[in-house]
>>> print(open('work-v6.cif').read())   # mmCIF, C-alpha atoms
data_coords
loop_
_atom_site.label_atom_id
_atom_site.label_comp_id
_atom_site.auth_asym_id
_atom_site.auth_seq_id
_atom_site.Cartn_x
_atom_site.Cartn_y
_atom_site.Cartn_z
CA MET A 1 -5.99 -12.90 20.76
CA LYS A 2 -9.66 -13.15 21.70
CA HIS A 3 -9.71 -9.41 22.54
CA LEU A 4 -7.91 -8.62 19.30
CA PHE A 5 -10.61 -10.31 17.21
CA ALA A 6 -13.30 -8.49 19.21
CA ILE A 7 -11.67 -5.14 18.44
CA LEU A 8 -11.23 -6.19 14.81
CA PHE A 9 -14.91 -7.17 14.50
CA ILE A 10 -16.12 -3.89 16.01
CA THR A 11 -13.82 -1.85 13.78
CA ILE A 12 -14.94 -3.64 10.61
CA CYS A 13 -18.60 -3.22 11.58
CA ASN A 14 -18.05 0.49 12.16
CA ALA A 15 -16.25 0.84 8.85
CA ALA A 16 -18.91 -1.15 7.04
CA ASN A 17 -21.49 1.34 8.32
CA ALA A 18 -19.31 4.38 7.59
CA ALA A 19 -16.12 5.56 5.85
CA ALA A 20 -14.08 7.95 3.75
CA THR A 21 -12.36 6.47 0.71
CA ARG A 22 -9.26 7.93 -0.81
CA LEU A 23 -7.95 6.72 -4.13
CA HIS A 24 -4.99 4.94 -2.56
CA LEU A 25 -5.26 1.93 -4.82
CA PHE A 26 -2.05 0.16 -4.10
CA LYS A 27 -1.87 -0.02 -0.31
CA ASP A 28 1.63 -0.97 0.90
CA THR A 29 2.84 -2.44 -2.31
CA ALA A 30 5.50 -0.89 -4.48
CA HIS A 31 2.96 1.76 -5.44
CA THR A 32 2.09 4.74 -3.30
CA VAL A 33 -0.14 7.48 -4.64
CA ALA A 34 -0.70 10.70 -2.77
CA ASP A 35 -2.63 10.41 0.49
CA THR A 36 -5.45 12.65 -0.69
CA ASP A 37 -8.84 12.23 0.96
CA THR A 38 -10.92 13.05 -2.10
CA VAL A 39 -13.29 10.54 -3.66
CA ILE A 40 -13.41 11.27 -7.39
CA ARG A 41 -16.82 10.65 -8.94
CA GLU A 42 -16.31 12.69 -12.11
CA GLN A 43 -14.90 11.77 -15.49
CA SER A 44 -11.20 12.38 -14.98
CA VAL A 45 -7.68 11.12 -15.44
CA SER A 46 -5.14 11.11 -12.61
CA LEU A 47 -1.41 10.58 -13.00
CA HIS A 48 1.09 9.75 -10.27
CA VAL A 49 4.88 9.61 -10.23
CA ASN A 50 6.49 8.16 -7.13
CA TYR A 51 9.91 7.50 -5.61
CA GLY A 52 10.21 5.03 -2.73
CA SER A 53 13.17 4.15 -0.51
CA ASP A 54 12.23 0.44 -0.33
CA ILE A 55 9.49 -1.95 -1.44
CA GLN A 56 7.17 -3.16 1.29
CA PHE A 57 4.38 -5.67 0.73
CA PHE A 58 1.74 -6.10 3.43
CA GLY A 59 4.22 -5.34 6.19
CA ARG A 60 7.09 -7.42 4.78
CA THR A 61 10.30 -6.52 2.96
CA GLY A 62 12.90 -8.68 1.24
CA PRO A 63 16.42 -9.17 2.64
CA VAL A 64 17.78 -6.46 0.28
CA LYS A 65 16.53 -2.88 0.00
CA TYR A 66 14.99 -2.01 -3.37
CA PRO A 67 14.65 1.75 -3.99
CA TYR A 68 12.28 2.27 -6.92
CA ALA A 69 10.33 4.69 -9.08
CA SER A 70 6.80 4.10 -10.32
CA GLY A 71 4.27 5.77 -12.59
CA ASP A 72 0.51 5.23 -12.38
CA ALA A 73 -2.45 6.35 -14.49
CA ILE A 74 -6.10 6.09 -13.42
CA TYR A 75 -9.15 6.81 -15.58
CA ASN A 76 -12.30 7.55 -13.57
CA PHE A 77 -15.80 7.30 -15.04
CA LYS A 78 -18.73 9.35 -13.71
CA SER A 79 -20.48 6.10 -12.80
CA GLY A 80 -17.79 5.29 -10.23
CA PHE A 81 -15.90 2.73 -12.32
CA PHE A 82 -12.17 3.22 -12.84
CA VAL A 83 -9.34 1.47 -14.67
CA TYR A 84 -5.66 1.88 -13.99
CA GLY A 85 -2.20 0.80 -15.00
CA SER A 86 1.26 1.25 -13.53
CA ALA A 87 4.91 0.58 -14.27
CA VAL A 88 7.75 0.09 -11.77
CA GLN A 89 11.50 0.51 -12.17
CA VAL A 90 13.74 -0.86 -9.41
CA PHE A 91 17.01 1.07 -9.33
CA GLY A 92 20.18 -0.86 -10.17
CA TYR A 93 18.60 -3.45 -12.46
CA THR A 94 18.81 -3.78 -16.25
CA PRO A 95 15.13 -3.90 -17.35
CA ALA A 96 13.67 -0.47 -18.09
CA ILE A 97 10.43 -1.76 -16.54
CA ASP A 98 10.50 -4.45 -13.85
CA GLU A 99 6.78 -4.71 -13.22
CA VAL A 100 3.49 -3.74 -14.86
CA ASP A 101 0.18 -3.74 -12.99
CA LEU A 102 -3.28 -3.54 -14.53
CA GLY A 103 -6.58 -3.25 -12.73
CA ALA A 104 -10.14 -2.00 -12.51
CA GLY A 105 -12.63 -1.20 -9.78
CA TYR A 106 -15.65 0.69 -8.56
CA LEU A 107 -16.16 3.47 -6.01
CA PHE A 108 -19.20 3.38 -3.72
CA ASN A 109 -20.70 6.50 -2.15
CA TYR A 110 -23.00 5.09 0.53
CA SER A 111 -23.41 8.50 2.20
CA LYS A 112 -21.48 11.71 2.87
CA THR A 113 -19.46 9.97 5.56
CA LEU A 114 -19.37 6.41 4.26
CA THR A 115 -17.53 5.35 1.12
CA GLY A 116 -16.16 2.12 -0.28
CA MET A 117 -14.03 0.73 -3.08
CA PHE A 118 -13.76 -2.64 -4.81
CA SER A 119 -10.89 -3.40 -7.19
CA TYR A 120 -8.92 -6.16 -8.89
CA THR A 121 -5.21 -5.88 -9.72
CA ARG A 122 -3.00 -8.11 -11.85
CA PHE A 123 0.77 -8.02 -11.12
CA ILE A 124 3.00 -8.78 -14.12
CA PHE A 125 6.76 -9.14 -13.57
CA THR A 126 9.29 -9.05 -16.39
CA LYS A 127 11.68 -11.96 -16.92
CA ASP A 128 14.76 -10.23 -15.45
CA ALA A 129 12.95 -8.38 -12.66
CA PRO A 130 14.64 -8.38 -9.23
CA PRO A 131 13.31 -10.86 -6.65
CA VAL A 132 11.14 -8.42 -4.69
CA ILE A 133 9.00 -9.82 -1.87
CA MET A 134 5.72 -9.26 -3.76
CA SER A 135 6.86 -11.39 -6.71
CA ALA A 136 5.20 -14.46 -5.15
CA ALA A 137 1.76 -12.91 -5.78
CA SER A 138 0.09 -12.22 -9.12
CA ASN A 139 -3.52 -11.23 -8.34
CA ASP A 140 -5.19 -9.07 -5.70
CA ILE A 141 -8.90 -8.62 -4.98
CA ASN A 142 -9.41 -5.60 -2.73
CA PHE A 143 -12.46 -4.29 -0.85
CA LYS A 144 -12.20 -1.17 1.29
CA ASN A 145 -14.70 0.72 3.46
CA ALA A 146 -13.93 4.01 5.16
CA PHE A 147 -15.71 6.27 7.63
CA ASP A 148 -15.34 10.00 8.26
CA TRP A 149 -15.66 10.72 11.99
CA LYS A 150 -15.09 14.47 11.27
CA PHE A 151 -12.26 14.57 13.80
CA ALA A 152 -10.52 11.60 12.06
CA LYS A 153 -11.02 9.03 9.30
CA SER A 154 -10.90 5.25 9.68
CA SER A 155 -10.84 2.46 7.11
CA ALA A 156 -10.92 -1.32 7.00
CA THR A 157 -9.55 -3.02 3.89
CA PHE A 158 -9.80 -6.69 2.93
CA ASP A 159 -7.35 -8.15 0.38
CA TYR A 160 -7.31 -11.62 -1.12
CA LEU A 161 -4.12 -12.53 -2.99
CA PHE A 162 -3.85 -15.56 -5.21
CA GLY A 163 -1.35 -16.98 -7.68
CA ASP A 164 1.77 -18.86 -6.61
CA ALA A 165 0.59 -18.29 -3.03
CA ASN A 166 -2.86 -17.61 -1.58
CA ASP A 167 -3.25 -15.12 1.29
CA TYR A 168 -5.81 -12.81 2.82
CA PHE A 169 -5.29 -9.62 4.81
CA ILE A 170 -7.20 -7.03 6.78
CA THR A 171 -5.68 -3.56 7.10
CA LEU A 172 -7.05 -1.16 9.73
CA ASN A 173 -6.13 2.50 9.44
CA THR A 174 -7.00 5.76 11.18
CA SER A 175 -5.71 9.15 10.07
CA LYS A 176 -6.30 12.83 10.77
CA HIS A 177 -6.47 15.33 7.89
CA ILE A 178 -5.14 18.79 8.78
CA GLU A 179 -5.09 21.73 6.35
CA THR A 180 -3.45 25.11 6.79
CA THR A 181 -5.71 28.17 6.86
CA TRP A 182 -3.06 30.22 5.14
CA SER A 183 -1.62 30.14 1.61
CA ILE A 184 1.99 29.99 0.47
CA PHE A 185 2.15 31.61 -2.98
CA ASP A 186 -1.46 32.60 -3.69
CA ASP A 187 -5.01 31.92 -2.50
CA LYS A 188 -5.22 28.62 -4.44
CA ASP A 189 -2.61 26.58 -2.57
CA TYR A 190 -2.30 25.14 0.93
CA LEU A 191 -0.39 22.55 2.94
CA SER A 192 -1.93 19.44 4.44
CA ILE A 193 -0.73 16.86 6.96
CA ASP A 194 -2.28 13.40 7.31
CA PRO A 195 -0.70 11.61 10.31
CA GLY A 196 -2.00 8.07 10.64
CA ILE A 197 -1.61 4.72 12.32
CA SER A 198 -2.33 1.29 10.81
CA MET A 199 -2.28 -2.40 11.60
CA ILE A 200 -2.09 -5.29 9.12
CA LEU A 201 -3.42 -8.75 9.97
CA GLY A 202 -3.28 -11.75 7.69
CA THR A 203 -1.56 -14.87 6.49
CA GLN A 204 1.90 -14.88 4.91
CA ASN A 205 2.10 -17.86 2.60
CA PHE A 206 3.68 -15.50 0.05
CA VAL A 207 6.76 -15.42 2.31
CA GLY A 208 7.13 -19.19 2.10
CA ARG A 209 6.68 -19.09 -1.67
CA TYR A 210 9.26 -16.30 -1.97
CA SER A 211 11.71 -18.31 0.15
CA THR A 212 11.23 -21.36 -2.08
CA LEU A 213 11.69 -19.38 -5.31
CA HIS A 214 14.67 -17.30 -4.10
CA PRO A 215 16.58 -19.24 -1.39
CA GLN A 216 19.85 -17.63 -2.48
CA HIS A 217 18.61 -14.24 -1.26
CA LEU A 218 17.67 -15.28 2.27
CA ASN A 219 19.63 -13.95 5.25
CA TYR A 220 21.55 -11.54 3.02
CA ASP A 221 22.04 -8.00 4.20
CA ASN A 222 22.27 -4.91 1.99
CA SER A 223 26.06 -5.00 1.78
CA GLY A 224 25.83 -8.27 -0.14
CA HIS A 225 27.40 -10.38 2.61
CA GLY A 226 25.45 -13.38 3.79
CA LEU A 227 25.62 -17.09 4.14
CA ASP A 228 27.78 -19.18 1.84
CA PHE A 229 24.80 -21.39 1.13
CA PRO A 230 21.01 -20.92 1.33
CA PRO A 231 19.55 -21.64 4.78
CA TYR A 232 17.02 -24.36 5.28
CA PHE A 233 13.53 -22.87 5.00
CA HIS A 234 11.21 -23.55 7.91
CA ASP A 235 7.48 -23.24 7.16
CA TYR A 236 6.81 -21.17 10.33
CA ASP A 237 3.05 -21.76 10.11
CA ASN A 238 2.65 -19.03 7.49
CA GLY A 239 -0.97 -19.98 6.81
CA ARG A 240 -2.02 -18.80 10.27
CA PHE A 241 -3.96 -15.52 10.47
CA ARG A 242 -2.09 -13.16 12.78
CA VAL A 243 -0.86 -9.59 13.22
CA LEU A 244 1.86 -8.80 10.66
CA ASN A 245 2.69 -5.14 11.06
CA TYR A 246 2.08 -1.87 12.91
CA SER A 247 3.03 1.45 11.37
CA LEU A 248 2.99 5.20 11.92
CA LYS A 249 2.81 7.46 8.88
CA LEU A 250 3.34 11.19 8.36
CA PRO A 251 2.51 12.54 4.87
CA ILE A 252 3.04 16.28 4.28
CA SER A 253 1.54 17.68 1.05
CA TYR A 254 1.62 20.86 -0.99
CA ASN A 255 -1.75 21.16 -2.75
CA ARG A 256 -3.11 23.15 -5.68
CA PRO A 257 -6.47 22.71 -7.53
CA HIS A 258 -5.16 20.06 -9.93
CA TYR A 259 -2.05 18.63 -8.33
CA THR A 260 -0.42 17.54 -5.09
CA PHE A 261 3.23 17.07 -4.19
CA GLU A 262 3.72 14.85 -1.15
CA ALA A 263 6.62 13.77 1.05
CA SER A 264 5.80 10.85 3.33
CA TRP A 265 7.60 9.08 6.16
CA LYS A 266 6.46 5.75 7.58
CA TYR A 267 7.84 3.96 10.62
CA SER A 268 7.15 0.25 10.23
CA ILE A 269 7.11 -2.32 13.05
CA PRO A 270 6.91 -5.90 11.65
CA VAL A 271 5.80 -8.68 14.01
CA ASN A 272 5.56 -12.48 13.69
CA VAL A 273 8.24 -12.39 10.98
CA GLU A 274 9.56 -15.49 9.20
CA TRP A 275 13.10 -15.73 10.56
CA ALA A 276 14.77 -15.99 7.16
CA LEU A 277 13.63 -12.50 6.12
CA LYS A 278 15.22 -10.75 9.12
CA ASN A 279 12.65 -7.92 8.95
CA ARG A 280 13.25 -5.20 11.52
CA HIS A 281 11.90 -1.77 12.38
CA GLU A 282 12.39 0.44 9.33
CA VAL A 283 11.67 3.98 8.15
CA PHE A 284 10.28 4.29 4.61
CA PHE A 285 10.40 7.51 2.63
CA ASN A 286 8.26 8.36 -0.40
CA LEU A 287 8.00 11.35 -2.74
CA THR A 288 4.83 11.48 -4.84
CA PHE A 289 3.50 13.86 -7.48
CA PHE A 290 -0.22 13.56 -8.19
CA TYR A 291 -1.97 15.39 -11.07
CA LEU A 292 -5.69 15.34 -11.85
CA PHE A 293 -7.25 16.17 -15.23
CA PHE A 294 -11.00 16.83 -15.17
CA LYS A 295 -12.99 16.26 -18.37
#
>>> encode(input="work-v6.cif", output="structure tokens")
Amino acid sequence: MKHLFAILFITICNAANAAATRLHLFKDTAHTVADTDTVIREQSVSLHVNYGSDIQFFGRTGPVKYPYASGDAIYNFKSGFFVYGSAVQVFGYTPAIDEVDLGAGYLFNYSKTLTGMFSYTRFIFTKDAPPVIMSAASNDINFKNAFDWKFAKSSATFDYLFGDANDYFITLNTSKHIETTWSIFDDKDYLSIDPGISMILGTQNFVGRYSTLHPQHLNYDNSGHGLDFPPYFHDYDNGRFRVLNYSLKLPISYNRPHYTFEASWKYSIPVNVEWALKNRHEVFFNLTFFYLFFK
């Protein structure tokens, strides 16, 4: 663990002195916008529509899979400020909208290779929303720094969540952006691939809060069969800072001047999991359409 913190410290220092920010505002929540590597410092509006095979929240999923669709809108000011809103629909549930998120932030351009982003997000769940794992959190303060090494891009992101449960996380990510030199339909389009690896470290008090609020959903599998009664919840030292997840991601995108269509696969390896959640290795699939309007 001592070596892990040494690596973590060096990585954060490197990222704090360098980085490439992409407007991936929602991390591993229910929201996934296209993995573009462009920092937008012009007056613009970007829209995203996304389908996801399951909801993951900082390396954790609930006992039941929740396929979903989400829509996001971001307004960017020339100054670097931005505001955004999103809506989420979990398939198979009555409410037309299960969750609404609102937020604002600021983009920093320290240099050509170093960028950063600070944002605040408020999660609002409707009364009849399904008991997704992120429902134990209601606020997120996020600070991200990224560095462009030319041959790859690395980022270090700090999140502080507060509400029913208080947690903090550090997400380390490195990815490689590859573009085709040839076009598909005309000279204005191209394909891009952004393979990446990431590691999430943090506390997981939100898991304990989720277990307290929804004991009837623990130890249930996706077929609906589970225990006849809720299991006793063991605290599991969820306030301890530790590694939560490793993942490998492969986004493949079709790009044109104003829009991107992306298909993304992520192989997730959860570690130090609260036993009641029964998290296991899982493949996540996302389809995202991203459109950018310049003013």
>>> closest_residue(input="work-v6.cif", among="A:Ile133, A:Phe289, A:Thr174, A:Asp140", to="Gly59 of chain A", atoms="only C-alpha atoms")
A:Ile133
>>> closest_residue(input="work-v6.cif", among="A:Phe118, A:Tyr110, A:Lys127, A:Asp189", to="His258 of chain A", atoms="all atoms listed in the file")
A:Asp189
>>> resolve_selection(input="work-v6.cif", expression="the PyMOL selection byres ((chain A and resi 237-244) around 9)", output="short mmCIF file (atom, residue, chain, number, x, y, z; two decimals) with C-alpha atoms, in the frame of the given file")
data_model
loop_
_atom_site.label_atom_id
_atom_site.label_comp_id
_atom_site.auth_asym_id
_atom_site.auth_seq_id
_atom_site.Cartn_x
_atom_site.Cartn_y
_atom_site.Cartn_z
CA MET A 1 -5.99 -12.90 20.76
CA PHE A 58 1.74 -6.10 3.43
CA GLY A 59 4.22 -5.34 6.19
CA ARG A 60 7.09 -7.42 4.78
CA ASN A 166 -2.86 -17.61 -1.58
CA ASP A 167 -3.25 -15.12 1.29
CA TYR A 168 -5.81 -12.81 2.82
CA PHE A 169 -5.29 -9.62 4.81
CA MET A 199 -2.28 -2.40 11.60
CA ILE A 200 -2.09 -5.29 9.12
CA LEU A 201 -3.42 -8.75 9.97
CA GLY A 202 -3.28 -11.75 7.69
CA THR A 203 -1.56 -14.87 6.49
CA GLN A 204 1.90 -14.88 4.91
CA ASN A 205 2.10 -17.86 2.60
CA PHE A 206 3.68 -15.50 0.05
CA VAL A 207 6.76 -15.42 2.31
CA GLY A 208 7.13 -19.19 2.10
CA HIS A 234 11.21 -23.55 7.91
CA ASP A 235 7.48 -23.24 7.16
CA TYR A 236 6.81 -21.17 10.33
CA ASN A 245 2.69 -5.14 11.06
CA TYR A 246 2.08 -1.87 12.91
CA ILE A 269 7.11 -2.32 13.05
CA PRO A 270 6.91 -5.90 11.65
CA VAL A 271 5.80 -8.68 14.01
CA ASN A 272 5.56 -12.48 13.69
CA VAL A 273 8.24 -12.39 10.98
CA GLU A 274 9.56 -15.49 9.20
#
>>> resolve_selection(input="work-v6.cif", expression="the PyMOL selection byres ((chain A and resi 190) around 8)", output="list in words")
Glu179, Thr180, Thr181, Trp182, Ser183, Ile184, Lys188, Asp189, Leu191, Ser192, Tyr254, Asn255 and Arg256 of chain A
>>> closest_residue(input="work-v6.cif", among="A:Ser138, A:Asn279, A:Ser46, A:Asn109", to="Asn76 of chain A", atoms="all atoms listed in the file")
A:Ser46
>>> residues_near_point(input="work-v6.cif", point="(3.9, 9.3, -9.6)", cutoff="7 Å", atoms="all atoms listed in the file", output="list in words")
Val33, Leu47, His48, Val49, Asn50, Ser70, Gly71, Asp72, Thr288, Phe289 and Phe290 of chain A
>>> closest_residue(input="work-v6.cif", among="A:Thr260, A:Ser247, A:Ser79, A:Ser86", to="Leu292 of chain A", atoms="all atoms listed in the file")
A:Thr260
>>> closest_atom_pairs(input="work-v6.cif", of="segment 37-137 of chain A", to="segment 148-153 of chain A", cutoff="9 Å", atoms="all atoms listed in the file", output="Markdown table")
| residue | atom | partner | partner_atom | distance |
| --- | --- | --- | --- | --- |
| A:Lys112 | CA | A:Asp148 | CA | 8.3 |
| A:Thr113 | CA | A:Asp148 | CA | 4.9 |
| A:Leu114 | CA | A:Asp148 | CA | 6.7 |
| A:Thr115 | CA | A:Asp148 | CA | 8.8 |
>>> atom_distance(input="work-v6.cif", atom1="atom CA of Phe125 of chain A", atom2="atom CA of Tyr93 of chain A")
13.2 Å
>>> closest_residue(input="work-v6.cif", among="A:Ser53, A:Gln89, A:Thr61, A:Phe147", to="Ala263 of chain A", atoms="only C-alpha atoms")
A:Ser53
>>> atom_distance(input="work-v6.cif", atom1="atom CA of Asn286 of chain A", atom2="atom CA of Trp265 of chain A")
6.6 Å
>>> resolve_selection(input="work-v6.cif", expression="the PyMOL selection byres ((chain A and resi 68) around 8)", output="list of chain:residue names")
A:Ala30, A:Tyr51, A:Gly52, A:Ser53, A:Asp54, A:Ile55, A:Tyr66, A:Pro67, A:Ala69, A:Ser70, A:Val88, A:Gln89, A:Val90, A:Phe91
>>> residues_around(input="work-v6.cif", residues="Asp164 of chain A", least_positions_apart="3", cutoff="7 Å", atoms="all atoms listed in the file", output="PyMOL selection string")
chain A and resi 136-137+209
>>> closest_residue(input="work-v6.cif", among="A:Ser175, A:Ser211, A:Ser119, A:Ser253", to="Pro195 of chain A", atoms="all atoms listed in the file")
A:Ser175
>>> decode(input="work-v6.cif", residues="segment 49-69 of chain A", atoms="N, CA, C and O atoms", output="PDB file, in the first residue's frame")
ATOM      1  N   VAL A  49     -26.797  12.171 -26.490  1.00  0.00           N
ATOM      2  CA  VAL A  49     -27.801  11.142 -26.232  1.00  0.00           C
ATOM      3  C   VAL A  49     -27.045   9.832 -26.061  1.00  0.00           C
ATOM      4  O   VAL A  49     -26.173   9.494 -26.879  1.00  0.00           O
ATOM      5  N   ASN A  50     -27.364   9.095 -25.001  1.00  0.00           N
ATOM      6  CA  ASN A  50     -26.568   7.929 -24.659  1.00  0.00           C
ATOM      7  C   ASN A  50     -27.439   6.745 -24.253  1.00  0.00           C
ATOM      8  O   ASN A  50     -28.462   6.898 -23.601  1.00  0.00           O
ATOM      9  N   TYR A  51     -27.014   5.549 -24.679  1.00  0.00           N
ATOM     10  CA  TYR A  51     -27.586   4.296 -24.182  1.00  0.00           C
ATOM     11  C   TYR A  51     -26.494   3.547 -23.438  1.00  0.00           C
ATOM     12  O   TYR A  51     -25.343   3.451 -23.916  1.00  0.00           O
ATOM     13  N   GLY A  52     -26.818   3.000 -22.260  1.00  0.00           N
ATOM     14  CA  GLY A  52     -25.856   2.227 -21.496  1.00  0.00           C
ATOM     15  C   GLY A  52     -26.438   0.898 -21.066  1.00  0.00           C
ATOM     16  O   GLY A  52     -27.632   0.797 -20.752  1.00  0.00           O
ATOM     17  N   SER A  53     -25.601  -0.129 -21.033  1.00  0.00           N
ATOM     18  CA  SER A  53     -26.073  -1.478 -20.688  1.00  0.00           C
ATOM     19  C   SER A  53     -26.299  -1.662 -19.195  1.00  0.00           C
ATOM     20  O   SER A  53     -27.030  -2.557 -18.777  1.00  0.00           O
ATOM     21  N   ASP A  54     -25.666  -0.822 -18.360  1.00  0.00           N
ATOM     22  CA  ASP A  54     -25.846  -0.910 -16.914  1.00  0.00           C
ATOM     23  C   ASP A  54     -25.290   0.358 -16.279  1.00  0.00           C
ATOM     24  O   ASP A  54     -24.415   1.015 -16.855  1.00  0.00           O
ATOM     25  N   ILE A  55     -25.801   0.700 -15.102  1.00  0.00           N
ATOM     26  CA  ILE A  55     -25.341   1.884 -14.387  1.00  0.00           C
ATOM     27  C   ILE A  55     -24.207   1.500 -13.442  1.00  0.00           C
ATOM     28  O   ILE A  55     -24.370   0.625 -12.589  1.00  0.00           O
ATOM     29  N   GLN A  56     -23.085   2.180 -13.609  1.00  0.00           N
ATOM     30  CA  GLN A  56     -21.945   1.978 -12.714  1.00  0.00           C
ATOM     31  C   GLN A  56     -21.614   3.310 -12.052  1.00  0.00           C
ATOM     32  O   GLN A  56     -21.670   4.360 -12.687  1.00  0.00           O
ATOM     33  N   PHE A  57     -21.267   3.257 -10.780  1.00  0.00           N
ATOM     34  CA  PHE A  57     -20.997   4.474 -10.017  1.00  0.00           C
ATOM     35  C   PHE A  57     -19.701   4.296  -9.248  1.00  0.00           C
ATOM     36  O   PHE A  57     -19.650   3.548  -8.284  1.00  0.00           O
ATOM     37  N   PHE A  58     -18.640   4.945  -9.706  1.00  0.00           N
ATOM     38  CA  PHE A  58     -17.324   4.851  -9.090  1.00  0.00           C
ATOM     39  C   PHE A  58     -16.916   3.396  -8.836  1.00  0.00           C
ATOM     40  O   PHE A  58     -16.517   3.018  -7.736  1.00  0.00           O
ATOM     41  N   GLY A  59     -17.065   2.585  -9.884  1.00  0.00           N
ATOM     42  CA  GLY A  59     -16.613   1.203  -9.817  1.00  0.00           C
ATOM     43  C   GLY A  59     -17.561   0.234  -9.163  1.00  0.00           C
ATOM     44  O   GLY A  59     -17.205  -0.932  -8.960  1.00  0.00           O
ATOM     45  N   ARG A  60     -18.774   0.676  -8.822  1.00  0.00           N
ATOM     46  CA  ARG A  60     -19.741  -0.193  -8.160  1.00  0.00           C
ATOM     47  C   ARG A  60     -21.052  -0.231  -8.944  1.00  0.00           C
ATOM     48  O   ARG A  60     -21.483   0.767  -9.518  1.00  0.00           O
ATOM     49  N   THR A  61     -21.689  -1.405  -8.946  1.00  0.00           N
ATOM     50  CA  THR A  61     -23.017  -1.553  -9.522  1.00  0.00           C
ATOM     51  C   THR A  61     -23.951  -2.126  -8.463  1.00  0.00           C
ATOM     52  O   THR A  61     -23.510  -2.723  -7.481  1.00  0.00           O
ATOM     53  N   GLY A  62     -25.258  -1.958  -8.681  1.00  0.00           N
ATOM     54  CA  GLY A  62     -26.242  -2.553  -7.789  1.00  0.00           C
ATOM     55  C   GLY A  62     -26.417  -4.034  -8.105  1.00  0.00           C
ATOM     56  O   GLY A  62     -25.859  -4.553  -9.074  1.00  0.00           O
ATOM     57  N   PRO A  63     -27.195  -4.754  -7.299  1.00  0.00           N
ATOM     58  CA  PRO A  63     -27.391  -6.187  -7.504  1.00  0.00           C
ATOM     59  C   PRO A  63     -28.169  -6.515  -8.771  1.00  0.00           C
ATOM     60  O   PRO A  63     -28.134  -7.641  -9.240  1.00  0.00           O
ATOM     61  N   VAL A  64     -28.902  -5.545  -9.324  1.00  0.00           N
ATOM     62  CA  VAL A  64     -29.700  -5.743 -10.531  1.00  0.00           C
ATOM     63  C   VAL A  64     -29.163  -4.840 -11.630  1.00  0.00           C
ATOM     64  O   VAL A  64     -28.792  -3.694 -11.372  1.00  0.00           O
ATOM     65  N   LYS A  65     -29.114  -5.358 -12.867  1.00  0.00           N
ATOM     66  CA  LYS A  65     -28.677  -4.534 -13.987  1.00  0.00           C
ATOM     67  C   LYS A  65     -29.758  -3.511 -14.336  1.00  0.00           C
ATOM     68  O   LYS A  65     -30.948  -3.825 -14.331  1.00  0.00           O
ATOM     69  N   TYR A  66     -29.315  -2.281 -14.654  1.00  0.00           N
ATOM     70  CA  TYR A  66     -30.230  -1.213 -15.021  1.00  0.00           C
ATOM     71  C   TYR A  66     -29.808  -0.598 -16.353  1.00  0.00           C
ATOM     72  O   TYR A  66     -29.103   0.410 -16.386  1.00  0.00           O
ATOM     73  N   PRO A  67     -30.242  -1.171 -17.491  1.00  0.00           N
ATOM     74  CA  PRO A  67     -30.005  -0.505 -18.781  1.00  0.00           C
ATOM     75  C   PRO A  67     -30.742   0.837 -18.784  1.00  0.00           C
ATOM     76  O   PRO A  67     -31.824   0.963 -18.198  1.00  0.00           O
ATOM     77  N   TYR A  68     -30.183   1.834 -19.434  1.00  0.00           N
ATOM     78  CA  TYR A  68     -30.754   3.178 -19.344  1.00  0.00           C
ATOM     79  C   TYR A  68     -30.468   3.979 -20.605  1.00  0.00           C
ATOM     80  O   TYR A  68     -29.629   3.606 -21.446  1.00  0.00           O
ATOM     81  N   ALA A  69     -31.178   5.085 -20.731  1.00  0.00           N
ATOM     82  CA  ALA A  69     -30.909   6.080 -21.766  1.00  0.00           C
ATOM     83  C   ALA A  69     -30.813   7.432 -21.073  1.00  0.00           C
ATOM     84  O   ALA A  69     -31.521   7.693 -20.097  1.00  0.00           O
TER      85      ALA A  69
END
